[in-house]
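Participant: What follows is input03.cif; its format and atoms are mmCIF, C-alpha atoms and all ligand atoms; chains and numbers go by the auth columns.
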data_model
#
loop_
_atom_site.group_PDB
_atom_site.id
_atom_site.type_symbol
_atom_site.label_atom_id
_atom_site.label_comp_id
_atom_site.label_asym_id
_atom_site.label_seq_id
_atom_site.Cartn_x
_atom_site.Cartn_y
_atom_site.Cartn_z
_atom_site.B_iso_or_equiv
_atom_site.auth_seq_id
_atom_site.auth_asym_id
ATOM 1 C CA MET A 1 15.136 3.476 13.733 0.00 277 A
ATOM 2 C CA LEU A 2 16.058 5.516 10.660 0.00 278 A
ATOM 3 C CA THR A 3 13.316 7.738 9.276 0.00 279 A
ATOM 4 C CA TYR A 4 12.896 11.106 7.639 0.00 280 A
ATOM 5 C CA TYR A 5 13.486 12.487 11.141 0.00 281 A
ATOM 6 C CA SER A 6 17.075 11.203 10.971 0.00 282 A
ATOM 7 C CA THR A 7 19.989 13.388 9.935 0.00 283 A
ATOM 8 C CA ARG A 8 22.417 12.879 7.099 0.00 284 A
ATOM 9 C CA GLU A 9 25.000 11.707 9.643 0.00 285 A
ATOM 10 C CA ASP A 10 22.615 9.212 11.233 0.00 286 A
ATOM 11 C CA ILE A 11 22.009 7.695 7.813 0.00 287 A
ATOM 12 C CA GLU A 12 25.667 7.711 6.725 0.00 288 A
ATOM 13 C CA ASN A 13 26.878 6.147 9.972 0.00 289 A
ATOM 14 C CA SER A 14 24.213 3.436 9.942 0.00 290 A
ATOM 15 C CA GLY A 15 25.497 1.707 6.815 0.00 291 A
ATOM 16 C CA VAL A 16 21.863 0.968 5.943 0.00 292 A
ATOM 17 C CA ASP A 17 21.430 0.294 2.229 0.00 293 A
ATOM 18 C CA THR A 18 17.667 -0.343 2.097 0.00 294 A
ATOM 19 C CA VAL A 19 14.858 2.199 2.022 0.00 295 A
ATOM 20 C CA VAL A 20 11.162 1.621 2.565 0.00 296 A
ATOM 21 C CA LEU A 21 8.873 3.722 0.396 0.00 297 A
ATOM 22 C CA PRO A 22 5.132 3.219 0.903 0.00 298 A
ATOM 23 C CA ILE A 23 2.731 4.490 -1.771 0.00 299 A
ATOM 24 C CA GLY A 24 -0.770 5.495 -0.739 0.00 300 A
ATOM 25 C CA SER A 25 -3.585 7.388 -2.421 0.00 301 A
ATOM 26 C CA ILE A 26 -5.894 10.307 -1.703 0.00 302 A
ATOM 27 C CA GLU A 27 -9.362 9.113 -2.668 0.00 303 A
ATOM 28 C CA GLN A 28 -12.911 8.840 -1.402 0.00 304 A
ATOM 29 C CA HIS A 29 -13.419 6.010 1.090 0.00 305 A
ATOM 30 C CA GLY A 30 -17.177 6.066 1.489 0.00 306 A
ATOM 31 C CA PRO A 31 -19.054 8.030 4.144 0.00 307 A
ATOM 32 C CA HIS A 32 -17.103 6.600 7.089 0.00 308 A
ATOM 33 C CA LEU A 33 -13.356 6.715 6.264 0.00 309 A
ATOM 34 C CA PRO A 34 -11.051 9.660 5.479 0.00 310 A
ATOM 35 C CA ILE A 35 -9.768 10.308 1.957 0.00 311 A
ATOM 36 C CA GLY A 36 -6.234 9.741 3.281 0.00 312 A
ATOM 37 C CA THR A 37 -6.967 6.144 4.346 0.00 313 A
ATOM 38 C CA ASP A 38 -4.450 4.434 2.033 0.00 314 A
ATOM 39 C CA PHE A 39 -1.791 7.037 2.865 0.00 315 A
ATOM 40 C CA LEU A 40 -2.408 6.571 6.597 0.00 316 A
ATOM 41 C CA ILE A 41 -2.274 2.765 6.385 0.00 317 A
ATOM 42 C CA GLY A 42 0.888 3.022 4.241 0.00 318 A
ATOM 43 C CA ASN A 43 2.525 5.088 7.012 0.00 319 A
ATOM 44 C CA LYS A 44 1.863 2.468 9.681 0.00 320 A
ATOM 45 C CA ILE A 45 2.878 -0.503 7.545 0.00 321 A
ATOM 46 C CA GLY A 46 6.031 1.300 6.390 0.00 322 A
ATOM 47 C CA GLU A 47 6.969 2.128 9.954 0.00 323 A
ATOM 48 C CA ALA A 48 6.477 -1.421 11.238 0.00 324 A
ATOM 49 C CA VAL A 49 8.294 -3.020 8.286 0.00 325 A
ATOM 50 C CA SER A 50 11.257 -0.608 8.553 0.00 326 A
ATOM 51 C CA LYS A 51 11.683 -1.478 12.206 0.00 327 A
ATOM 52 C CA ARG A 52 11.808 -5.167 11.362 0.00 328 A
ATOM 53 C CA ILE A 53 14.230 -5.079 8.422 0.00 329 A
ATOM 54 C CA ARG A 54 16.630 -2.270 9.415 0.00 330 A
ATOM 55 C CA ALA A 55 15.805 0.178 6.660 0.00 331 A
ATOM 56 C CA LEU A 56 15.477 3.907 6.194 0.00 332 A
ATOM 57 C CA LEU A 57 11.785 4.811 6.192 0.00 333 A
ATOM 58 C CA LEU A 58 10.873 7.433 3.622 0.00 334 A
ATOM 59 C CA PRO A 59 7.625 9.393 3.861 0.00 335 A
ATOM 60 C CA THR A 60 4.675 7.708 2.146 0.00 336 A
ATOM 61 C CA LEU A 61 3.986 9.032 -1.352 0.00 337 A
ATOM 62 C CA PRO A 62 0.489 10.389 -0.770 0.00 338 A
ATOM 63 C CA ILE A 63 -0.799 10.663 -4.334 0.00 339 A
ATOM 64 C CA SER A 64 -0.890 7.931 -6.974 0.00 340 A
ATOM 65 C CA THR A 65 -3.347 6.586 -9.549 0.00 341 A
ATOM 66 C CA CYS A 66 -7.056 6.448 -8.599 0.00 342 A
ATOM 67 C CA ARG A 67 -9.173 7.264 -11.620 0.00 343 A
ATOM 68 C CA GLU A 68 -11.569 4.508 -10.552 0.00 344 A
ATOM 69 C CA HIS A 69 -12.941 7.034 -8.027 0.00 345 A
ATOM 70 C CA LYS A 70 -13.683 9.779 -10.545 0.00 346 A
ATOM 71 C CA GLY A 71 -17.110 11.311 -10.151 0.00 347 A
ATOM 72 C CA CYS A 72 -17.106 12.621 -6.581 0.00 348 A
ATOM 73 C CA ARG A 73 -14.998 14.968 -4.501 0.00 349 A
ATOM 74 C CA GLY A 74 -11.857 14.165 -2.547 0.00 350 A
ATOM 75 C CA ASN A 75 -9.873 12.265 -5.189 0.00 351 A
ATOM 76 C CA VAL A 76 -6.464 13.372 -6.422 0.00 352 A
ATOM 77 C CA TRP A 77 -4.655 11.342 -9.046 0.00 353 A
ATOM 78 C CA ILE A 78 -1.628 11.521 -11.250 0.00 354 A
ATOM 79 C CA ASN A 79 -1.359 9.520 -14.452 0.00 355 A
ATOM 80 C CA SER A 80 0.318 6.129 -14.604 0.00 356 A
ATOM 81 C CA ASP A 81 3.184 7.437 -16.737 0.00 357 A
ATOM 82 C CA THR A 82 3.845 10.254 -14.237 0.00 358 A
ATOM 83 C CA LEU A 83 4.167 7.714 -11.451 0.00 359 A
ATOM 84 C CA TYR A 84 6.318 5.476 -13.635 0.00 360 A
ATOM 85 C CA HIS A 85 8.765 8.353 -14.194 0.00 361 A
ATOM 86 C CA ALA A 86 8.656 9.363 -10.527 0.00 362 A
ATOM 87 C CA LEU A 87 9.689 5.812 -9.578 0.00 363 A
ATOM 88 C CA ARG A 88 12.519 5.912 -12.110 0.00 364 A
ATOM 89 C CA ASP A 89 13.736 9.264 -10.758 0.00 365 A
ATOM 90 C CA ILE A 90 13.533 8.132 -7.128 0.00 366 A
ATOM 91 C CA THR A 91 15.478 4.971 -8.000 0.00 367 A
ATOM 92 C CA GLU A 92 18.198 7.008 -9.760 0.00 368 A
ATOM 93 C CA SER A 93 18.596 9.386 -6.816 0.00 369 A
ATOM 94 C CA LEU A 94 18.865 6.539 -4.300 0.00 370 A
ATOM 95 C CA LYS A 95 21.220 4.559 -6.521 0.00 371 A
ATOM 96 C CA SER A 96 23.591 7.538 -6.795 0.00 372 A
ATOM 97 C CA GLN A 97 23.989 7.450 -3.002 0.00 373 A
ATOM 98 C CA GLY A 98 24.766 3.748 -2.833 0.00 374 A
ATOM 99 C CA PHE A 99 21.391 2.402 -1.718 0.00 375 A
ATOM 100 C CA ARG A 100 20.772 -1.129 -2.993 0.00 376 A
ATOM 101 C CA ARG A 101 17.130 -1.929 -2.222 0.00 377 A
ATOM 102 C CA ILE A 102 13.876 0.020 -2.404 0.00 378 A
ATOM 103 C CA ILE A 103 11.005 -1.696 -0.636 0.00 379 A
ATOM 104 C CA LEU A 104 7.932 -0.349 -2.380 0.00 380 A
ATOM 105 C CA ILE A 105 4.891 -0.935 -0.214 0.00 381 A
ATOM 106 C CA ILE A 106 1.754 -0.712 -2.331 0.00 382 A
ATOM 107 C CA ALA A 107 -0.967 0.457 0.048 0.00 383 A
ATOM 108 C CA HIS A 108 -3.612 1.226 -2.602 0.00 384 A
ATOM 109 C CA GLY A 109 -5.080 -1.439 -4.860 0.00 385 A
ATOM 110 C CA GLY A 110 -5.136 0.598 -8.083 0.00 386 A
ATOM 111 C CA ILE A 111 -1.424 1.274 -8.654 0.00 387 A
ATOM 112 C CA PHE A 112 -1.140 -1.127 -11.569 0.00 388 A
ATOM 113 C CA ILE A 113 1.842 0.668 -13.151 0.00 389 A
ATOM 114 C CA SER A 114 4.003 -0.258 -10.151 0.00 390 A
ATOM 115 C CA GLY A 115 4.264 -3.826 -11.536 0.00 391 A
ATOM 116 C CA PRO A 116 5.685 -3.073 -14.992 0.00 392 A
ATOM 117 C CA ALA A 117 7.686 -0.141 -13.550 0.00 393 A
ATOM 118 C CA THR A 118 9.382 -2.470 -11.050 0.00 394 A
ATOM 119 C CA ARG A 119 10.170 -4.996 -13.768 0.00 395 A
ATOM 120 C CA GLU A 120 11.624 -2.429 -16.163 0.00 396 A
ATOM 121 C CA ILE A 121 13.610 -0.501 -13.542 0.00 397 A
ATOM 122 C CA ASN A 122 15.063 -3.733 -12.139 0.00 398 A
ATOM 123 C CA SER A 123 15.937 -4.979 -15.596 0.00 399 A
ATOM 124 C CA ASP A 124 17.863 -1.742 -16.268 0.00 400 A
ATOM 125 C CA ASN A 125 19.720 -1.758 -12.945 0.00 401 A
ATOM 126 C CA GLU A 126 22.201 -4.137 -11.375 0.00 402 A
ATOM 127 C CA GLU A 127 23.283 -2.030 -8.384 0.00 403 A
ATOM 128 C CA ILE A 128 19.812 -1.313 -7.008 0.00 404 A
ATOM 129 C CA LYS A 129 16.594 -3.315 -7.071 0.00 405 A
ATOM 130 C CA ILE A 130 13.005 -2.502 -6.195 0.00 406 A
ATOM 131 C CA ILE A 131 11.156 -5.098 -4.137 0.00 407 A
ATOM 132 C CA ARG A 132 7.467 -4.476 -4.722 0.00 408 A
ATOM 133 C CA VAL A 133 5.259 -5.563 -1.849 0.00 409 A
ATOM 134 C CA ASP A 134 1.581 -5.377 -2.769 0.00 410 A
ATOM 135 C CA LEU A 135 -0.544 -5.605 0.384 0.00 411 A
ATOM 136 C CA LEU A 136 -3.530 -6.887 -1.609 0.00 412 A
ATOM 137 C CA ASN A 137 -1.528 -10.021 -2.481 0.00 413 A
ATOM 138 C CA PHE A 138 -1.849 -11.060 1.167 0.00 414 A
ATOM 139 C CA LEU A 139 -5.647 -10.750 1.255 0.00 415 A
ATOM 140 C CA PRO A 140 -6.276 -14.385 0.206 0.00 416 A
ATOM 141 C CA HIS A 141 -4.051 -15.500 3.101 0.00 417 A
ATOM 142 C CA ILE A 142 -5.973 -13.274 5.535 0.00 418 A
ATOM 143 C CA GLN A 143 -9.219 -14.716 4.182 0.00 419 A
ATOM 144 C CA LYS A 144 -7.908 -18.252 4.691 0.00 420 A
ATOM 145 C CA GLU A 145 -7.117 -17.418 8.329 0.00 421 A
ATOM 146 C CA GLY A 146 -10.858 -16.903 8.822 0.00 422 A
ATOM 147 C CA ILE A 147 -10.537 -13.368 10.201 0.00 423 A
ATOM 148 C CA LEU A 148 -12.977 -11.851 7.728 0.00 424 A
ATOM 149 C CA GLU A 149 -16.661 -12.778 7.595 0.00 425 A
ATOM 150 C CA SER A 150 -17.263 -11.333 4.128 0.00 426 A
ATOM 151 C CA ASP A 151 -15.459 -12.230 0.920 0.00 427 A
ATOM 152 C CA ASN A 152 -16.134 -9.156 -1.189 0.00 428 A
ATOM 153 C CA ASN A 153 -13.398 -6.937 0.206 0.00 429 A
ATOM 154 C CA LEU A 154 -12.207 -4.213 -2.136 0.00 430 A
ATOM 155 C CA HIS A 155 -12.688 -0.695 -0.816 0.00 431 A
ATOM 156 C CA ALA A 156 -13.668 0.873 2.517 0.00 432 A
ATOM 157 C CA CYS A 157 -14.709 -2.728 3.235 0.00 433 A
ATOM 158 C CA GLU A 158 -14.575 -5.047 6.262 0.00 434 A
ATOM 159 C CA TYR A 159 -10.812 -5.498 5.754 0.00 435 A
ATOM 160 C CA GLU A 160 -9.875 -1.850 5.337 0.00 436 A
ATOM 161 C CA THR A 161 -12.304 -0.505 7.947 0.00 437 A
ATOM 162 C CA SER A 162 -11.005 -3.050 10.496 0.00 438 A
ATOM 163 C CA LEU A 163 -7.451 -1.866 9.852 0.00 439 A
ATOM 164 C CA MET A 164 -8.511 1.762 10.313 0.00 440 A
ATOM 165 C CA MET A 165 -10.398 0.931 13.526 0.00 441 A
ATOM 166 C CA TYR A 166 -7.220 -0.649 14.897 0.00 442 A
ATOM 167 C CA LEU A 167 -4.765 2.003 13.674 0.00 443 A
ATOM 168 C CA TYR A 168 -6.787 5.252 13.707 0.00 444 A
ATOM 169 C CA ASP A 169 -10.017 4.597 15.586 0.00 445 A
ATOM 170 C CA ASP A 170 -10.763 8.328 16.064 0.00 446 A
ATOM 171 C CA LEU A 171 -10.912 8.835 12.298 0.00 447 A
ATOM 172 C CA VAL A 172 -13.615 6.215 11.656 0.00 448 A
ATOM 173 C CA ARG A 173 -17.188 7.644 11.571 0.00 449 A
ATOM 174 C CA LYS A 174 -18.957 4.629 12.982 0.00 450 A
ATOM 175 C CA ASP A 175 -22.423 6.169 12.665 0.00 451 A
ATOM 176 C CA LYS A 176 -21.915 6.506 8.894 0.00 452 A
ATOM 177 C CA ILE A 177 -20.945 2.912 8.100 0.00 453 A
ATOM 178 C CA GLU A 178 -23.041 1.329 5.347 0.00 454 A
ATOM 179 C CA ASP A 179 -22.379 -1.729 3.176 0.00 455 A
ATOM 180 C CA CYS A 180 -22.494 -1.951 -0.592 0.00 456 A
ATOM 181 C CA ILE A 181 -21.780 -4.930 -2.827 0.00 457 A
ATOM 182 C CA PRO A 182 -21.742 -3.905 -6.474 0.00 458 A
ATOM 183 C CA GLU A 183 -23.017 -6.214 -9.171 0.00 459 A
ATOM 184 C CA ILE A 184 -19.867 -5.989 -11.269 0.00 460 A
ATOM 185 C CA PRO A 185 -16.479 -7.720 -10.923 0.00 461 A
ATOM 186 C CA ARG A 186 -13.407 -5.676 -10.011 0.00 462 A
ATOM 187 C CA ASP A 187 -11.913 -5.606 -13.494 0.00 463 A
ATOM 188 C CA TYR A 188 -14.985 -3.714 -14.737 0.00 464 A
ATOM 189 C CA LEU A 189 -13.335 -0.694 -13.109 0.00 465 A
ATOM 190 C CA ASN A 190 -11.603 -0.429 -16.498 0.00 466 A
ATOM 191 C CA TYR A 191 -15.018 0.627 -17.847 0.00 467 A
ATOM 192 C CA THR A 192 -16.784 2.332 -14.965 0.00 468 A
ATOM 193 C CA THR A 193 -16.018 3.826 -11.543 0.00 469 A
ATOM 194 C CA ILE A 194 -16.637 2.871 -7.944 0.00 470 A
ATOM 195 C CA PRO A 195 -19.001 5.828 -7.267 0.00 471 A
ATOM 196 C CA LYS A 196 -21.068 4.702 -10.293 0.00 472 A
ATOM 197 C CA ALA A 197 -21.085 1.042 -9.218 0.00 473 A
ATOM 198 C CA CYS A 198 -21.831 1.925 -5.579 0.00 474 A
ATOM 199 C CA LYS A 199 -23.249 5.358 -4.858 0.00 475 A
ATOM 200 C CA ASN A 200 -21.786 5.501 -1.345 0.00 476 A
ATOM 201 C CA GLY A 201 -18.288 4.670 -2.648 0.00 477 A
ATOM 202 C CA VAL A 202 -17.995 1.489 -0.553 0.00 478 A
ATOM 203 C CA TRP A 203 -17.206 -1.953 -1.996 0.00 479 A
ATOM 204 C CA GLY A 204 -17.745 -4.554 0.681 0.00 480 A
ATOM 205 C CA ARG A 205 -19.257 -4.924 4.137 0.00 481 A
ATOM 206 C CA PRO A 206 -17.662 -2.469 6.599 0.00 482 A
ATOM 207 C CA SER A 207 -20.510 -3.157 9.054 0.00 483 A
ATOM 208 C CA LEU A 208 -18.621 -6.373 9.933 0.00 484 A
ATOM 209 C CA ALA A 209 -15.391 -4.513 10.804 0.00 485 A
ATOM 210 C CA ASN A 210 -13.843 -4.217 14.248 0.00 486 A
ATOM 211 C CA ALA A 211 -10.498 -3.271 15.791 0.00 487 A
ATOM 212 C CA GLU A 212 -9.647 -6.831 16.911 0.00 488 A
ATOM 213 C CA LYS A 213 -9.863 -8.043 13.315 0.00 489 A
ATOM 214 C CA GLY A 214 -7.779 -5.004 12.339 0.00 490 A
ATOM 215 C CA GLU A 215 -5.039 -5.931 14.785 0.00 491 A
ATOM 216 C CA ARG A 216 -4.858 -9.514 13.516 0.00 492 A
ATOM 217 C CA ILE A 217 -4.842 -8.316 9.902 0.00 493 A
ATOM 218 C CA PHE A 218 -2.087 -5.791 10.643 0.00 494 A
ATOM 219 C CA ASP A 219 0.109 -8.377 12.346 0.00 495 A
ATOM 220 C CA ILE A 220 -0.294 -10.788 9.427 0.00 496 A
ATOM 221 C CA LEU A 221 0.467 -8.039 6.903 0.00 497 A
ATOM 222 C CA ILE A 222 3.721 -7.178 8.675 0.00 498 A
ATOM 223 C CA GLU A 223 4.754 -10.848 8.927 0.00 499 A
ATOM 224 C CA LYS A 224 3.923 -11.441 5.262 0.00 500 A
ATOM 225 C CA CYS A 225 5.756 -8.278 4.125 0.00 501 A
ATOM 226 C CA VAL A 226 8.915 -9.232 6.039 0.00 502 A
ATOM 227 C CA GLU A 227 8.746 -12.830 4.781 0.00 503 A
ATOM 228 C CA TYR A 228 8.264 -11.716 1.170 0.00 504 A
ATOM 229 C CA ILE A 229 11.126 -9.194 1.373 0.00 505 A
ATOM 230 C CA SER A 230 13.544 -11.754 2.777 0.00 506 A
ATOM 231 C CA ASP A 231 12.478 -14.369 0.182 0.00 507 A
ATOM 232 C CA VAL A 232 13.108 -11.934 -2.670 0.00 508 A
ATOM 233 C CA ASN A 233 16.373 -10.758 -1.101 0.00 509 A
ATOM 234 C CA ARG A 234 17.569 -14.351 -0.947 0.00 510 A
ATOM 235 C CA VAL A 235 16.978 -14.723 -4.678 0.00 511 A
ATOM 236 C CA LEU A 236 18.572 -11.349 -5.439 0.00 512 A
ATOM 237 C CA ASP A 237 21.627 -12.085 -3.275 0.00 513 A
ATOM 238 C CA LYS A 238 22.196 -15.283 -5.228 0.00 514 A
ATOM 239 C CA THR A 239 22.047 -13.494 -8.574 0.00 515 A
ATOM 240 C CA ASP A 240 23.704 -10.189 -7.547 0.00 516 A
HETATM 241 ZN ZN ZN B . -8.208 2.266 0.506 0.00 601 B
#
Kindly present the structure from the file in structure tokens form.
Ligand SMILES: [Zn+2]

Facilitator:
Amino acid sequence: MLTYYSTREDIENSGVDTVVLPIGSIEQHGPHLPIGTDFLIGNKIGEAVSKRIRALLLPTLPISTCREHKGCRGNVWINSDTLYHALRDITESLKSQGFRRIILIIAHGGIFISGPATREINSDNEEIKIIRVDLLNFLPHIQKEGILESDNNLHACEYETSLMMYLYDDLVRKDKIEDCIPEIPRDYLNYTTIPKACKNGVWGRPSLANAEKGERIFDILIEKCVEYISDVNRVLDKTD
């Protein structure tokens, strides 16, 4: 497997032309999960996807856009335009070396700029394309599978806590788990913040989480990522 542990020669000899770049976030995750939760999940998803699709795994970008958590400690954000330009720069550097695909794994729900950035960068480039894989897009499928008992999964919730229990059990403070369902819809985060809507910084019911659910969710996420990437690649190969 090619990762950031590989050497220049390993990468050159492999002929691999796809990189996997997960994007996480450093932000509060309630009283029971670490601030690096999205970064940590991005690492594991990136690793598993890279193994499946023969790609070079880049280190997860730890910091992205998370102003919706403003108002408590442990949040680090950059602005949307900073991330937009970072994605452009990363694409240029990879393109200059002959890479043809960047699999962007969106492991934090608030990276809205990644959508328009992908569209614009792809429209300006023929030789290299970003395939943007947003993990939250697979949540309805996971819900349909009947794995989750609650339906209000947004942050440090049953879904995310289950994943953390499966992937990093030691990091989950089980004695601190408490639920919170805010009275506002998600898009109201354009007007307020999660710590204001829910004092404990949780949005959902982590008390229903367990590692078995986490394992099933993880397996589905990997299957769905690989399926989505190959579907998009099929379309790109036709139009390349
Ligand atoms: Zn998260």

Participant: Please provide the set of residues having any atom within 9 Å of region 403-408 of chain A, restricted to all atoms listed in the file, with same-chain residues fewer than 6 positions apart removed, written as a list of chain:residue names.

Facilitator: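 Residues meeting the cut-off are A:Thr367, A:Glu368, A:Leu370, A:Lys371, A:Gly374, A:Phe375, A:Arg376, A:Arg377, A:Ile378, A:Ile379, A:Leu380, A:Ile381, A:Ile382, A:Ser390, A:Gly391, A:Thr394, A:Arg395, A:Ile397, A:Tyr504, A:Ile505, A:Val508, A:Asn509, A:Leu512, A:Asp516.
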
Participant: May I ask you to write as an MDAnalysis selection string all residues lying at most 7 Å from ligand ZN 601 (chain B), with only C-alpha atoms and all ligand atoms counted?

Facilitator: chainID A and resid 305 313:314 384 431:432 436

Participant: May I ask which of the residues A:Arg492, A:Lys346, A:Lys450, A:Arg330 is the closest one to Gly422 (chain A), counting all atoms listed in the file?

Facilitator: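 Answer, going by the shortest atom-to-atom distance: A:Arg492.
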
Participant: Where does the PyMOL selection byres (((chain A and resi 472) around 12) and not hetatm) land in this file, that is, which residues does it pick, as a ChimeraX atom specification?

Facilitator: /A:344-348,456,458-460,464-465,467-471,473-479

Participant: Hey, what comes out of the PyMOL selection byres (((chain A and resi 453) around 8) and not hetatm) on this file? Could you write it as an NGL selection string?

Facilitator: :A and (307-308 or 449-452 or 454-455 or 482-483)

Participant: Could you take the residues named above and write them with C-alpha atoms, as a CSV table (one decimal), in the frame of the given file?

Facilitator:
chain,number,residue,atom,x,y,z
A,307,PRO,CA,-19.1,8.0,4.1
A,308,HIS,CA,-17.1,6.6,7.1
A,449,ARG,CA,-17.2,7.6,11.6
A,450,LYS,CA,-19.0,4.6,13.0
A,451,ASP,CA,-22.4,6.2,12.7
A,452,LYS,CA,-21.9,6.5,8.9
A,454,GLU,CA,-23.0,1.3,5.3
A,455,ASP,CA,-22.4,-1.7,3.2
A,482,PRO,CA,-17.7,-2.5,6.6
A,483,SER,CA,-20.5,-3.2,9.1

Participant: I need the residue nearest Ile329 (chain A) from this list: A:Thr294, A:Ser301, A:Asn413, A:Thr279. Use all atoms listed in the file for the distance.

Facilitator: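 Among the listed residues, the smallest separation from Ile329 (chain A) belongs to A:Thr294.
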
Participant: Between A:Tyr281, A:Glu288, A:Asn428, A:Leu309, single out the one closest to Leu447 (chain A), counting all atoms listed in the file.

Facilitator: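 Closest to Leu447 (chain A) of all the choices is A:Leu309.
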